[in-house]
Amino acid sequence: MLLTPYRETLALPRIKSLLAVATLARIPIAAGAVVLTLHVVTDLDRGYGAAGLVGAAFTLGGSVGAPLMGRLIDRRGLRPVLVLTTAAEVVFWSVAQGVPYLALLVMALFGGFLALPAFAVARQSIAALTPEAQRLPAFALDSITTELSFMTGPALGVLIATGPGPRVAMLTIGAGILLSGVGLWLLNPPVRAAHESPVSAGERVPRRSWLRPRFVAILAVTMAATLVLSGTDVAVVAVLRERGEVGWTGPVMTLWALYSLLGGFAYGTMSRRLPAVALLAPMAALTMTVAFGGAHWWLLAILLIPCGALCAPTITASADAVSRLTPAPARGEAMGLHNSSLTVGVALGGPLAGLAADTWSPVWGFVAVGGVGTLIALAVIPVQVLQRRGEASIRPPADAVATDPAELIPRQSREALASPAGHR
């Protein structure tokens, strides 16, 4: 049955509560970028360029902070990190709404660095709560609920910012993050599976045992995926504005998100995993073809179907790969790096599409981000092939293979460390 993988996954203990709390926790986080922009433009009377700098500072801080917070979770456990980041974010959103621009710019850097790690924590806990056979539908559900959060959060942020005002919206986000942090603290989802060792303060796993070319390739694919997505956002707005159909932006964006939801749902029912790069390559290439749909909004919406349907599956496949390539004691840092790659891609895609639109024409925004995504996919494919061949050449006999990937990876790591020529 089509829904069987999802029924079996949702029947696992604590999965439904984790997805519910994580979805609600992501809504105020998703609203942050648009509310900060409206605050800088409206309350501080600055331009969109100045607002972009604040957003970039928040993004830069988050990109650096996510793996560090993940490493702290690996060493100290989840709850201390939740207390630290929740308190820091509440202070940021409460104070930031009343400071001048330069102070806000500096605060944004630290606010991003100590951001509540709701995205990474949800994925780390999914890896801990699900056996490998059910991680794919679990991560697909995570991608679907993330889409729902991003469909809801910015809309609510704009509604409050254009009503009571951006400052009220910032205080509301702070209150929402406080509730989110408290909810995650009370839920306290596991970051290790039951068969894995509990968090130990002195536990250390050398990065060289898991931060290998194949893992870096997954991060590159993840970054390229969100680069294409965020660039497509900008290109859609630019094209519709040029054609005098800017009023159709909302419906087109909603349809595009719906395509992604349906694609993620379908991918979660598959019995066979696909490499993330095998999903990125067609997604990026098909994004370039959207350039032919600039004549009418409905044609643009139709051409977004195939590339949109591959959005959530690509992110799902990358998160699943990270969970399988990383030993349990380093999973928090690994998921933090995955989250950073998502963030960096978002930060790069918009400016790239905007530059192409300004230099040539709006439809070139699709070509630019799709082309870069395709090039990254082509660069990653040889790495994946070489790594798989290397794994085949050093794979132990069948009776020596661990039945659980979490046991297999550390043993391979020890073999690689013992022999400098060994590689995965």
# chains A, B, ... in the order shown; residues from 1 in each chain; ligands from 1
$ residues_around --residues "Gly332 in chain A" --least-positions-apart "4" --cutoff "8 Å" --atoms "only C-alpha atoms" --output "PyMOL selection string"
chain A and resi 67+69-74+120-121+124+191+336
$ write_last_selection --atoms "N, CA and C atoms" --output "CSV table (one decimal), in the first residue's frame"
chain,number,residue,atom,x,y,z
A,67,PRO,N,27.0,23.9,13.4
A,67,PRO,CA,27.8,22.7,13.8
A,67,PRO,C,28.4,22.8,15.2
A,69,MET,N,26.9,24.2,17.8
A,69,MET,CA,25.8,23.7,18.7
A,69,MET,C,25.6,22.2,18.6
A,70,GLY,N,25.7,21.7,17.4
A,70,GLY,CA,25.6,20.2,17.3
A,70,GLY,C,26.7,19.5,18.0
A,71,ARG,N,27.9,20.0,17.9
A,71,ARG,CA,29.0,19.3,18.7
A,71,ARG,C,28.8,19.4,20.2
A,72,LEU,N,28.2,20.5,20.6
A,72,LEU,CA,27.9,20.7,22.0
A,72,LEU,C,26.8,19.7,22.5
A,73,ILE,N,25.8,19.4,21.6
A,73,ILE,CA,24.8,18.4,21.9
A,73,ILE,C,25.4,17.1,22.0
A,74,ASP,N,26.4,16.8,21.1
A,74,ASP,CA,27.1,15.5,21.1
A,74,ASP,C,27.8,15.3,22.4
A,120,ALA,N,18.1,21.0,12.9
A,120,ALA,CA,19.1,19.9,13.1
A,120,ALA,C,18.7,18.9,14.2
A,121,VAL,N,18.1,19.4,15.3
A,121,VAL,CA,17.7,18.5,16.4
A,121,VAL,C,16.6,17.6,15.9
A,124,GLN,N,18.4,14.9,13.8
A,124,GLN,CA,19.2,14.1,14.6
A,124,GLN,C,18.3,13.1,15.4
A,191,VAL,N,18.9,11.9,21.2
A,191,VAL,CA,19.9,12.2,20.2
A,191,VAL,C,20.7,11.0,19.9
A,336,GLY,N,24.5,19.6,12.2
A,336,GLY,CA,24.7,21.0,12.2
A,336,GLY,C,25.4,21.4,10.9
$ residues_around --residues "Val234 in chain A" --least-positions-apart "5" --cutoff "8 Å" --atoms "only C-alpha atoms" --output "mmCIF file with N, CA, C and O atoms, in the first residue's frame"
data_model
loop_
_atom_site.group_PDB
_atom_site.id
_atom_site.type_symbol
_atom_site.label_atom_id
_atom_site.label_comp_id
_atom_site.auth_asym_id
_atom_site.auth_seq_id
_atom_site.Cartn_x
_atom_site.Cartn_y
_atom_site.Cartn_z
ATOM 1 N N GLY A 350 19.765 33.596 -3.859
ATOM 2 C CA GLY A 350 19.048 34.836 -4.158
ATOM 3 C C GLY A 350 19.908 35.874 -4.848
ATOM 4 O O GLY A 350 19.542 36.396 -5.911
ATOM 5 N N ALA A 353 20.744 34.784 -8.519
ATOM 6 C CA ALA A 353 19.623 34.972 -9.450
ATOM 7 C C ALA A 353 19.356 36.456 -9.687
ATOM 8 O O ALA A 353 19.068 36.874 -10.819
ATOM 9 N N GLY A 354 19.465 37.263 -8.629
ATOM 10 C CA GLY A 354 19.248 38.702 -8.786
ATOM 11 C C GLY A 354 20.281 39.348 -9.686
ATOM 12 O O GLY A 354 19.953 40.215 -10.504
ATOM 13 N N GLY A 365 17.759 34.382 -14.374
ATOM 14 C CA GLY A 365 17.917 33.943 -12.989
ATOM 15 C C GLY A 365 17.771 32.432 -12.873
ATOM 16 O O GLY A 365 18.539 31.771 -12.154
#
$ closest_residue --among "A:Thr326, A:Ser143, A:Val383, A:Gly244" --to "Thr314 in chain A" --atoms "only C-alpha atoms"
A:Ser143
$ select_by_dssp --residues "range 19-148 of chain A" --states "alpha helix (DSSP H)" --output "MDAnalysis selection string"
chainID A and resid 19:38 48:76 78:96 101:113 118:129 135:148
$ closest_residue --among "A:Gly373, A:Gly55, A:Gly32, A:Gly65" --to "Val158 in chain A" --atoms "only C-alpha atoms"
A:Gly32
$ residues_around --residues "Gly112 in chain A" --least-positions-apart "3" --cutoff "9 Å" --atoms "only C-alpha atoms" --output "PyMOL selection string"
chain A and resi 57-66+89+107-109+115-116
$ residues_around --residues "range 287-290 of chain A" --least-positions-apart "3" --cutoff "8 Å" --atoms "only C-alpha atoms" --output "mmCIF file with C-alpha atoms, in the first residue's frame"
data_model
loop_
_atom_site.group_PDB
_atom_site.id
_atom_site.type_symbol
_atom_site.label_atom_id
_atom_site.label_comp_id
_atom_site.auth_asym_id
_atom_site.auth_seq_id
_atom_site.Cartn_x
_atom_site.Cartn_y
_atom_site.Cartn_z
ATOM 1 C CA VAL A 228 18.633 26.533 -6.718
ATOM 2 C CA THR A 232 14.170 30.285 -8.126
ATOM 3 C CA MET A 283 16.215 19.351 -10.499
ATOM 4 C CA ALA A 284 18.911 21.867 -11.436
ATOM 5 C CA GLY A 293 7.927 30.107 -19.240
ATOM 6 C CA GLY A 294 8.275 33.839 -18.830
ATOM 7 C CA LEU A 300 5.631 29.401 -15.496
ATOM 8 C CA LEU A 303 7.199 24.427 -15.991
ATOM 9 C CA LEU A 304 7.925 24.521 -12.249
ATOM 10 C CA CYS A 307 11.873 20.728 -10.685
ATOM 11 C CA VAL A 363 14.536 34.639 -16.948
ATOM 12 C CA PHE A 366 16.629 30.399 -13.604
ATOM 13 C CA VAL A 367 19.521 29.679 -15.956
ATOM 14 C CA ALA A 368 22.132 30.984 -13.515
ATOM 15 C CA VAL A 369 21.076 29.011 -10.434
ATOM 16 C CA GLY A 370 20.133 25.927 -12.442
ATOM 17 C CA GLY A 371 23.468 26.033 -14.231
#
$ closest_residue --among "A:Val182, A:Ile160, A:Ala238, A:Leu78" --to "Pro362 in chain A" --atoms "only C-alpha atoms"
A:Ala238
$ residues_around --residues "Leu102 in chain A" --least-positions-apart "2" --cutoff "12 Å" --atoms "only C-alpha atoms" --output "VMD selection string"
chain A and resid 40 44 46 50 to 51 53 to 54 57 96 98 to 100 104 to 109
$ atom_distance --atom1 "CA of Ile126 in chain A" --atom2 "CA of Ile27 in chain A"
19.0 Å
